[in-house]
file model17.txt (compact mmCIF, C-alpha atoms and all ligand atoms)
# COMPACT_ATOMS: atom_id res chain seq x y z
CA MET A 1 -19.15 12.89 7.30
CA GLY A 2 -21.80 10.50 8.62
CA LYS A 3 -22.12 9.74 12.35
CA ASN A 4 -21.25 6.12 11.75
CA LYS A 5 -17.96 6.95 10.05
CA LEU A 6 -17.03 9.39 12.83
CA LYS A 7 -17.68 6.67 15.39
CA LYS A 8 -15.51 4.21 13.45
CA PHE A 9 -12.67 6.73 13.24
CA ALA A 10 -12.81 7.46 16.96
CA GLU A 11 -12.72 3.71 17.65
CA MET A 12 -9.88 3.15 15.19
CA GLU A 13 -7.73 5.68 17.05
CA ARG A 14 -7.94 3.33 20.03
CA MET A 15 -7.47 0.04 18.17
CA GLU A 16 -4.09 -1.43 18.99
CA ASN A 17 -3.84 -3.17 15.60
CA VAL A 18 -4.31 0.04 13.58
CA VAL A 19 -1.40 2.37 12.84
CA GLN A 20 -1.92 5.85 11.44
CA CYS A 21 0.69 8.54 10.96
CA PRO A 22 -0.10 11.95 9.44
CA ARG A 23 1.89 12.61 6.28
CA ASP A 24 3.52 15.84 7.57
CA ILE A 25 4.79 14.13 10.75
CA LEU A 26 5.94 11.09 8.75
CA LEU A 27 7.94 13.22 6.35
CA SER A 28 9.42 15.56 8.98
CA GLU A 29 10.08 13.15 11.85
CA GLY A 30 10.19 9.71 10.21
CA PHE A 31 8.35 6.63 11.41
CA PRO A 32 9.57 4.91 14.58
CA LEU A 33 8.46 1.38 13.58
CA LYS A 34 10.39 1.49 10.29
CA GLY A 35 12.74 -1.51 10.45
CA HIS A 36 11.24 -2.55 13.81
CA TRP A 37 7.76 -3.91 13.07
CA ASN A 38 8.64 -7.40 14.24
CA ASP A 39 10.50 -6.35 17.41
CA ASN A 40 8.37 -3.44 18.55
CA PHE A 41 4.92 -4.10 17.12
CA PHE A 42 4.31 -7.83 16.58
CA HIS A 43 6.91 -8.87 19.18
CA ALA A 44 7.61 -11.94 17.04
CA PRO A 45 10.26 -12.29 14.33
CA ARG A 46 8.22 -13.58 11.38
CA PRO A 47 8.25 -12.77 7.65
CA ILE A 48 5.95 -9.83 6.93
CA THR A 49 3.35 -9.82 4.13
CA LEU A 50 1.55 -6.64 2.98
CA GLU A 51 -1.87 -6.36 1.35
CA LEU A 52 -1.95 -3.14 -0.70
CA GLY A 53 -5.28 -1.37 -1.23
CA CYS A 54 -6.64 -3.88 1.27
CA GLY A 55 -10.15 -2.39 1.56
CA LYS A 56 -11.78 -4.46 4.30
CA GLY A 57 -8.64 -6.56 4.62
CA GLU A 58 -10.00 -9.99 3.75
CA TYR A 59 -6.56 -11.28 2.72
CA THR A 60 -4.77 -9.64 5.64
CA VAL A 61 -6.99 -11.33 8.22
CA GLY A 62 -7.72 -14.49 6.20
CA LEU A 63 -4.06 -15.29 5.53
CA ALA A 64 -3.10 -14.37 9.10
CA ARG A 65 -5.59 -16.95 10.38
CA GLN A 66 -4.07 -19.61 8.10
CA ALA A 67 -0.37 -18.77 8.64
CA ALA A 68 0.54 -18.22 12.27
CA ASP A 69 4.23 -18.21 11.29
CA LYS A 70 3.89 -14.92 9.36
CA ASN A 71 2.84 -11.36 10.13
CA PHE A 72 0.39 -9.46 7.91
CA ILE A 73 -0.26 -5.75 7.41
CA GLY A 74 -3.16 -4.38 5.34
CA ILE A 75 -2.62 -0.93 3.84
CA ASP A 76 -5.30 1.41 2.57
CA ILE A 77 -6.05 5.11 2.60
CA LYS A 78 -9.72 4.57 3.43
CA GLY A 79 -10.23 4.08 7.14
CA ALA A 80 -13.91 3.15 7.07
CA ARG A 81 -13.17 0.04 5.00
CA MET A 82 -10.13 -0.95 7.00
CA TYR A 83 -12.20 -0.77 10.21
CA THR A 84 -14.05 -3.96 9.21
CA GLY A 85 -10.85 -6.04 8.98
CA ALA A 86 -9.24 -4.45 12.03
CA LYS A 87 -12.30 -5.16 14.18
CA ASP A 88 -12.53 -8.74 12.92
CA ALA A 89 -8.85 -9.32 13.81
CA LEU A 90 -9.22 -7.72 17.26
CA ASP A 91 -12.49 -9.46 18.17
CA ASN A 92 -11.09 -12.84 17.11
CA LYS A 93 -7.60 -12.35 18.55
CA VAL A 94 -5.81 -12.65 15.22
CA GLU A 95 -2.64 -11.15 16.64
CA ASN A 96 -0.45 -11.49 13.55
CA ALA A 97 -2.64 -9.09 11.54
CA ALA A 98 -2.38 -5.29 11.59
CA PHE A 99 -3.53 -2.33 9.50
CA LEU A 100 -1.71 0.77 8.35
CA ARG A 101 -3.69 3.72 7.06
CA THR A 102 -1.61 5.53 4.47
CA GLU A 103 -1.00 6.07 0.78
CA ILE A 104 0.78 3.17 -0.92
CA GLU A 105 3.11 5.71 -2.55
CA LEU A 106 4.63 6.34 0.91
CA ILE A 107 5.44 2.74 1.88
CA ASP A 108 9.20 3.09 1.86
CA ASN A 109 8.80 5.61 4.70
CA PHE A 110 7.14 2.91 6.82
CA PHE A 111 9.31 -0.14 6.07
CA ASP A 112 13.05 -0.68 5.82
CA LYS A 113 15.10 -2.44 3.17
CA ASP A 114 14.21 -6.17 3.00
CA GLU A 115 11.67 -5.83 5.83
CA ILE A 116 8.84 -7.21 3.65
CA SER A 117 8.88 -10.65 2.05
CA GLU A 118 5.59 -10.77 0.17
CA ILE A 119 2.92 -8.41 -1.20
CA TRP A 120 -0.70 -9.10 -2.14
CA ILE A 121 -2.51 -6.70 -4.44
CA THR A 122 -6.19 -7.50 -4.40
CA PHE A 123 -8.59 -6.13 -7.03
CA PRO A 124 -6.93 -2.77 -7.58
CA ASP A 125 -8.22 -0.23 -10.07
CA PRO A 126 -6.34 -1.27 -13.26
CA GLN A 127 -5.59 2.41 -14.02
CA MET A 128 -5.85 1.73 -17.74
CA ARG A 129 -4.95 5.30 -18.68
CA LYS A 130 -2.37 6.12 -16.00
CA VAL A 131 0.53 3.71 -15.94
CA ASN A 132 2.16 5.57 -13.03
CA LYS A 133 -0.84 4.85 -10.82
CA ARG A 134 -0.98 1.13 -11.77
CA LEU A 135 0.12 -0.90 -8.75
CA THR A 136 2.14 -3.38 -10.85
CA SER A 137 3.87 -0.73 -13.02
CA THR A 138 7.64 -0.31 -13.06
CA ARG A 139 7.19 2.76 -10.86
CA PHE A 140 5.58 0.69 -8.09
CA ILE A 141 7.79 -2.40 -8.56
CA ASN A 142 10.80 -0.10 -8.04
CA ALA A 143 9.15 1.26 -4.88
CA TYR A 144 8.50 -2.29 -3.59
CA ARG A 145 12.15 -3.15 -4.23
CA LYS A 146 13.11 -0.58 -1.59
CA ILE A 147 11.45 -2.71 1.08
CA MET A 148 11.80 -6.27 -0.32
CA PRO A 149 14.70 -8.54 -1.30
CA PRO A 150 14.90 -9.74 -4.95
CA SER A 151 13.30 -13.04 -3.88
CA GLY A 152 10.22 -11.11 -2.63
CA ILE A 153 6.92 -12.23 -4.12
CA ILE A 154 4.11 -10.13 -5.61
CA ASN A 155 0.65 -11.72 -5.82
CA LEU A 156 -1.99 -10.02 -7.96
CA LYS A 157 -5.61 -11.13 -7.86
CA THR A 158 -7.80 -9.24 -10.34
CA ASP A 159 -10.93 -9.30 -12.46
CA SER A 160 -9.25 -7.09 -15.07
CA PRO A 161 -8.06 -8.77 -18.30
CA PHE A 162 -6.13 -5.56 -19.04
CA LEU A 163 -4.25 -5.51 -15.73
CA PHE A 164 -3.60 -9.26 -15.78
CA GLU A 165 -2.13 -9.15 -19.30
CA TYR A 166 -0.17 -5.97 -18.57
CA THR A 167 1.39 -7.54 -15.47
CA ARG A 168 2.15 -10.78 -17.32
CA ARG A 169 3.90 -8.83 -20.08
CA LEU A 170 5.84 -6.73 -17.56
CA ALA A 171 7.10 -9.83 -15.73
CA THR A 172 8.00 -11.63 -18.99
CA LEU A 173 9.74 -8.64 -20.59
CA ASN A 174 11.84 -8.07 -17.48
CA ASN A 175 12.67 -11.74 -16.84
CA LEU A 176 10.94 -11.69 -13.47
CA GLU A 177 10.32 -15.26 -12.37
CA ILE A 178 6.61 -16.04 -12.74
CA ILE A 179 5.68 -18.51 -10.02
CA GLU A 180 2.06 -19.06 -11.01
CA GLN A 181 -0.53 -17.61 -13.36
CA THR A 182 -4.10 -18.38 -14.30
CA SER A 183 -6.63 -16.40 -16.32
CA ASP A 184 -9.58 -18.23 -14.73
CA LEU A 185 -8.83 -19.09 -11.13
CA TYR A 186 -12.12 -20.78 -10.28
CA ALA A 187 -11.98 -23.02 -13.38
CA ASP A 188 -8.87 -24.70 -12.00
CA GLY A 189 -10.75 -26.62 -9.27
CA ARG A 190 -8.36 -25.55 -6.55
CA ASP A 191 -9.28 -25.27 -2.90
CA ASP A 192 -6.80 -23.07 -1.05
CA ALA A 193 -6.40 -19.50 0.22
CA LEU A 194 -6.68 -18.19 -3.33
CA THR A 195 -10.20 -19.52 -3.76
CA GLN A 196 -11.31 -19.73 -0.12
CA ILE A 197 -10.69 -16.05 0.66
CA LYS A 198 -12.84 -13.70 -1.40
CA THR A 199 -12.70 -9.93 -1.09
CA PHE A 200 -15.60 -7.48 -1.16
CA TYR A 201 -14.76 -6.34 -4.69
CA GLU A 202 -14.14 -9.89 -5.82
CA LEU A 203 -17.66 -10.88 -4.77
CA GLN A 204 -19.07 -7.97 -6.79
CA TRP A 205 -17.14 -9.03 -9.88
CA LEU A 206 -18.09 -12.70 -9.45
CA SER A 207 -21.76 -11.73 -9.15
CA ARG A 208 -21.39 -9.97 -12.51
CA GLY A 209 -20.00 -13.15 -14.09
CA LYS A 210 -16.41 -11.94 -14.41
CA THR A 211 -13.57 -14.46 -14.33
CA ILE A 212 -10.90 -13.95 -11.71
CA LYS A 213 -7.23 -13.90 -12.66
CA TYR A 214 -4.13 -14.47 -10.57
CA ILE A 215 -0.42 -14.08 -11.14
CA SER A 216 2.52 -14.29 -8.74
CA PHE A 217 6.12 -13.42 -9.51
CA ARG A 218 9.42 -12.58 -7.85
CA ILE A 219 10.37 -8.94 -7.76
CA GLY A 220 14.00 -9.43 -8.90
CA ASP A 221 16.58 -6.66 -9.06
CA ASN A 222 17.40 -6.03 -12.73
CA PRO A 223 16.57 -2.66 -14.35
CA LEU A 224 12.93 -2.56 -15.45
CA GLN A 225 11.24 -1.55 -18.69
CA GLU A 226 7.56 -0.86 -19.31
CA PRO A 227 5.95 -3.42 -21.66
CA ASP A 228 4.33 -2.38 -24.92
CA THR A 229 0.58 -2.02 -24.41
CA GLU A 230 -0.55 -0.40 -27.64
CA ASP A 231 -2.36 -3.56 -28.78
CA LEU A 232 -3.73 -4.33 -25.31
CA GLU A 233 -7.53 -4.12 -25.22
CA LYS A 234 -9.04 -1.98 -22.46
CA ASP A 235 -11.64 -3.61 -20.19
CA ASP A 236 -15.00 -2.70 -21.68
CA TYR A 237 -17.13 -3.05 -18.52
CA ARG A 238 -15.66 -0.49 -16.17
CA ALA A 239 -17.68 2.56 -17.17
CA VAL A 240 -20.86 1.02 -15.66
CA PRO A 241 -21.49 2.24 -12.10
CA ARG A 242 -21.51 -0.74 -9.74
CA PHE A 243 -21.56 0.38 -6.17
CA ASN A 244 -23.18 2.77 -3.81
CA PRO A 245 -21.37 6.11 -4.45
CA ALA A 246 -20.78 6.40 -0.69
CA GLU A 247 -18.31 3.52 -1.05
CA HIS A 248 -16.21 5.73 -3.30
CA SER A 249 -15.56 8.60 -0.93
CA MET A 250 -11.87 9.04 -0.06
CA ILE A 251 -12.41 8.43 3.64
C1 LIG B 1 -11.04 -1.44 -5.84
S1 LIG B 1 -10.74 -1.33 -4.13
C2 LIG B 1 -10.31 -2.99 -3.67
C3 LIG B 1 -10.41 -3.21 -2.18
C4 LIG B 1 -10.13 -4.65 -1.72
N1 LIG B 1 -8.78 -5.05 -2.01
C5 LIG B 1 -11.12 -5.62 -2.31
O1 LIG B 1 -10.72 -6.43 -3.17
O2 LIG B 1 -12.29 -5.59 -1.90
C6 LIG B 1 -9.17 -0.52 -4.12
C7 LIG B 1 -8.71 -0.07 -2.75
O3 LIG B 1 -7.41 0.48 -2.88
C8 LIG B 1 -7.33 1.65 -2.10
N2 LIG B 1 -6.32 2.52 -2.74
C9 LIG B 1 -6.28 2.88 -4.03
N3 LIG B 1 -5.20 3.63 -4.27
C10 LIG B 1 -4.54 3.74 -3.08
C11 LIG B 1 -3.36 4.38 -2.68
N4 LIG B 1 -2.62 5.06 -3.55
N5 LIG B 1 -2.97 4.28 -1.40
C12 LIG B 1 -3.73 3.58 -0.50
N6 LIG B 1 -4.86 2.95 -0.83
C13 LIG B 1 -5.26 3.02 -2.10
C14 LIG B 1 -8.72 2.25 -2.12
O4 LIG B 1 -8.94 3.08 -1.01
C15 LIG B 1 -9.59 1.00 -2.13
O5 LIG B 1 -9.96 0.60 -0.83

call {"tool": "encode", "arguments": {"input": "model17.txt", "output": "structure tokens"}}
result
Amino acid sequence: MGKNKLKKFAEMERMENVVQCPRDILLSEGFPLKGHWNDNFFHAPRPITLELGCGKGEYTVGLARQAADKNFIGIDIKGARMYTGAKDALDNKVENAAFLRTEIELIDNFFDKDEISEIWITFPDPQMRKVNKRLTSTRFINAYRKIMPPSGIINLKTDSPFLFEYTRRLATLNNLEIIEQTSDLYADGRDDALTQIKTFYELQWLSRGKTIKYISFRIGDNPLQEPDTEDLEKDDYRAVPRFNPAEHSMI
């Protein structure tokens, strides 16, 4: 591991807005903030929004700046990316933003029933071949339901036509209330958090001329079925390497 990453990790251990809990301790002893994030961490009873696979946490910090009446937690497994958002929030006293370093698959160990009111999923890997790893699949929606009420909202911002259409079909098939959807966000002439806040990956996709898609829907509570995807075209541009390979390490 590079010196720079080691330095970031040492600093992150001391950052009061970063929470890390080793998997073995989490699973054997539980997590003390579960059900108590507002009382014991934020010290303010406000609805909590998560950003899953937050990377550098642009939405976590950006939305926190715009909505002082909510608390925000960015979740990612990669600490070096998260450091950027955590440092921004600390340096600029954005006190309603925090970061949790863990696997998304473990979220119900960190949050209690109905503790979360909204989730943002920003530019995830569409996982075109592995439905169980897709962050808007029935597997994950069922996991989110363990920590959100049926009125809870999922927001997906993506470059991927495949993931956008898959998620649209999943919501439609399961009668989940779609609040908003657009297959070309920047063509709509809007000027709000959706267009003002751009993530690191989003900027890469925009620079390659990709259109950005957005869909939001309520999570509901009826039994879920996977949509049919046999006729769904796979994104044809993902095989091309885009970034510095160092960005892809699991740390
Ligand atoms: C394609 S990047 C997008 C990052 C950021 N949202 C953006 O738009 O710039 C996906 C991110 O999700 C994280 N990630 C993927 N699967 C994860 C998982 N199962 N648990 C935690 N983080 C995950 C990766 O570490 C990575 O930072």

call {"tool": "closest_atom_pairs", "arguments": {"input": "model17.txt", "of": "chain A", "to": "ligand LIG 1 (chain B)", "cutoff": "10 Å", "atoms": "only C-alpha atoms and all ligand atoms", "output": "tab-separated table"}}
result
residue	atom	partner	partner_atom	distance
A:Glu51	CA	B:LIG1	N1	7.8
A:Leu52	CA	B:LIG1	N6	6.8
A:Gly53	CA	B:LIG1	O3	3.3
A:Cys54	CA	B:LIG1	N1	4.1
A:Gly55	CA	B:LIG1	O5	3.8
A:Lys56	CA	B:LIG1	C4	6.2
A:Gly57	CA	B:LIG1	C4	6.8
A:Glu58	CA	B:LIG1	O2	7.5
A:Tyr59	CA	B:LIG1	N1	8.1
A:Thr60	CA	B:LIG1	N1	9.8
A:Gly74	CA	B:LIG1	N1	9.3
A:Ile75	CA	B:LIG1	C12	6.4
A:Asp76	CA	B:LIG1	N6	3.8
A:Ile77	CA	B:LIG1	C12	4.2
A:Lys78	CA	B:LIG1	O4	4.7
A:Gly79	CA	B:LIG1	O4	8.3
A:Ala80	CA	B:LIG1	O5	9.2
A:Arg81	CA	B:LIG1	O5	6.7
A:Met82	CA	B:LIG1	O5	8.0
A:Leu100	CA	B:LIG1	C12	9.5
A:Arg101	CA	B:LIG1	C12	7.6
A:Thr102	CA	B:LIG1	C12	5.7
A:Glu103	CA	B:LIG1	N5	3.4
A:Ile104	CA	B:LIG1	N5	3.9
A:Glu105	CA	B:LIG1	N4	5.9
A:Leu106	CA	B:LIG1	N5	8.2
A:Ile107	CA	B:LIG1	N5	9.2
A:Trp120	CA	B:LIG1	N1	9.0
A:Ile121	CA	B:LIG1	N1	6.9
A:Thr122	CA	B:LIG1	N1	4.3
A:Phe123	CA	B:LIG1	O1	4.4
A:Pro124	CA	B:LIG1	C1	4.7
A:Asp125	CA	B:LIG1	C1	5.2
A:Pro126	CA	B:LIG1	C1	8.8
A:Gln127	CA	B:LIG1	N3	9.8
A:Lys133	CA	B:LIG1	N4	7.5
A:Arg134	CA	B:LIG1	N3	9.0
A:Leu135	CA	B:LIG1	N3	8.3
A:Lys157	CA	B:LIG1	O1	8.4
A:Thr158	CA	B:LIG1	O1	8.2
A:Asp159	CA	B:LIG1	O1	9.7
A:Lys198	CA	B:LIG1	O1	7.8
A:Thr199	CA	B:LIG1	O2	4.4
A:Phe200	CA	B:LIG1	O2	3.9
A:Tyr201	CA	B:LIG1	O2	3.8
A:Glu202	CA	B:LIG1	O1	5.5
A:Leu203	CA	B:LIG1	O2	8.1
A:Gln204	CA	B:LIG1	O2	8.7
A:Trp205	CA	B:LIG1	O1	9.6
A:Glu247	CA	B:LIG1	O5	8.8
A:His248	CA	B:LIG1	O4	8.1
A:Ser249	CA	B:LIG1	O4	8.6
A:Met250	CA	B:LIG1	O4	6.7
A:Ile251	CA	B:LIG1	O4	7.9

call {"tool": "residues_around", "arguments": {"input": "model17.txt", "residues": "A:Thr182", "least_positions_apart": "4", "cutoff": "7 Å", "atoms": "only C-alpha atoms", "output": "ChimeraX atom specification"}}
result
/A:213-215

call {"tool": "closest_residue", "arguments": {"input": "model17.txt", "among": "A:Glu16, A:Glu165, A:Asp221, A:Asp192", "to": "A:Gln66", "atoms": "only C-alpha atoms"}}
result
A:Asp192

call {"tool": "closest_residue", "arguments": {"input": "model17.txt", "among": "A:Arg139, A:Arg145, A:Lys8, A:Arg65", "to": "A:Lys87", "atoms": "all atoms listed in the file"}}
result
A:Lys8

call {"tool": "residues_around", "arguments": {"input": "model17.txt", "residues": "A:Ile154", "least_positions_apart": "6", "cutoff": "10 Å", "atoms": "only C-alpha atoms", "output": "list in words"}}
result
Thr49, Leu50, Glu51, Ser117, Glu118, Ile119, Trp120, Ile121, Thr136, Ile141, Tyr144, Ile178, Ile179, Ile215, Ser216, Phe217, Arg218 and Ile219 of chain A

call {"tool": "closest_residue", "arguments": {"input": "model17.txt", "among": "A:Asp235, A:Thr138, A:Glu180, A:Ser160", "to": "A:Gly220", "atoms": "all atoms listed in the file"}}
result
A:Thr138

call {"tool": "atom_distance", "arguments": {"input": "model17.txt", "atom1": "atom CA of A:Phe140", "atom2": "atom CA of A:Ala64"}}
result
24.4 Å

call {"tool": "closest_residue", "arguments": {"input": "model17.txt", "among": "A:Pro32, A:Leu27, A:Gln196, A:Phe162", "to": "A:Thr229", "atoms": "all atoms listed in the file"}}
result
A:Phe162

call {"tool": "closest_residue", "arguments": {"input": "model17.txt", "among": "A:Gly35, A:Pro161, A:Pro227, A:Gly85", "to": "A:Phe99", "atoms": "only C-alpha atoms"}}
result
A:Gly85

call {"tool": "atom_distance", "arguments": {"input": "model17.txt", "atom1": "atom CA of A:Lys146", "atom2": "atom CA of A:Met15"}}
result
28.5 Å

call {"tool": "residues_around", "arguments": {"input": "model17.txt", "residues": "stretch 109-116 of chain A", "least_positions_apart": "6", "cutoff": "6 Å", "atoms": "only C-alpha atoms", "output": "JSON list (two decimals) with C-alpha atoms, in the frame of the given file"}}
result
[["chain", "number", "residue", "atom", "x", "y", "z"],
["A", 34, "LYS", "CA", 10.39, 1.49, 10.29],
["A", 35, "GLY", "CA", 12.74, -1.51, 10.45],
["A", 48, "ILE", "CA", 5.95, -9.83, 6.93],
["A", 146, "LYS", "CA", 13.11, -0.58, -1.59],
["A", 147, "ILE", "CA", 11.45, -2.71, 1.08],
["A", 148, "MET", "CA", 11.80, -6.27, -0.32],
["A", 149, "PRO", "CA", 14.70, -8.54, -1.30]]

call {"tool": "closest_residue", "arguments": {"input": "model17.txt", "among": "A:His36, A:Lys93, A:Lys210, A:Lys3", "to": "A:Asp236", "atoms": "all atoms listed in the file"}}
result
A:Lys210

call {"tool": "residues_around", "arguments": {"input": "model17.txt", "residues": "A:Tyr186", "least_positions_apart": "6", "cutoff": "8 Å", "atoms": "only C-alpha atoms", "output": "VMD selection string"}}
result
chain A and resid 195 211 to 212

call {"tool": "write_last_selection", "arguments": {"input": "model17.txt", "atoms": "C-alpha atoms", "output": "tab-separated table (two decimals), in the coordinates of the input"}}
result
chain	number	residue	atom	x	y	z
A	195	THR	CA	-10.20	-19.52	-3.76
A	211	THR	CA	-13.57	-14.46	-14.33
A	212	ILE	CA	-10.90	-13.95	-11.71
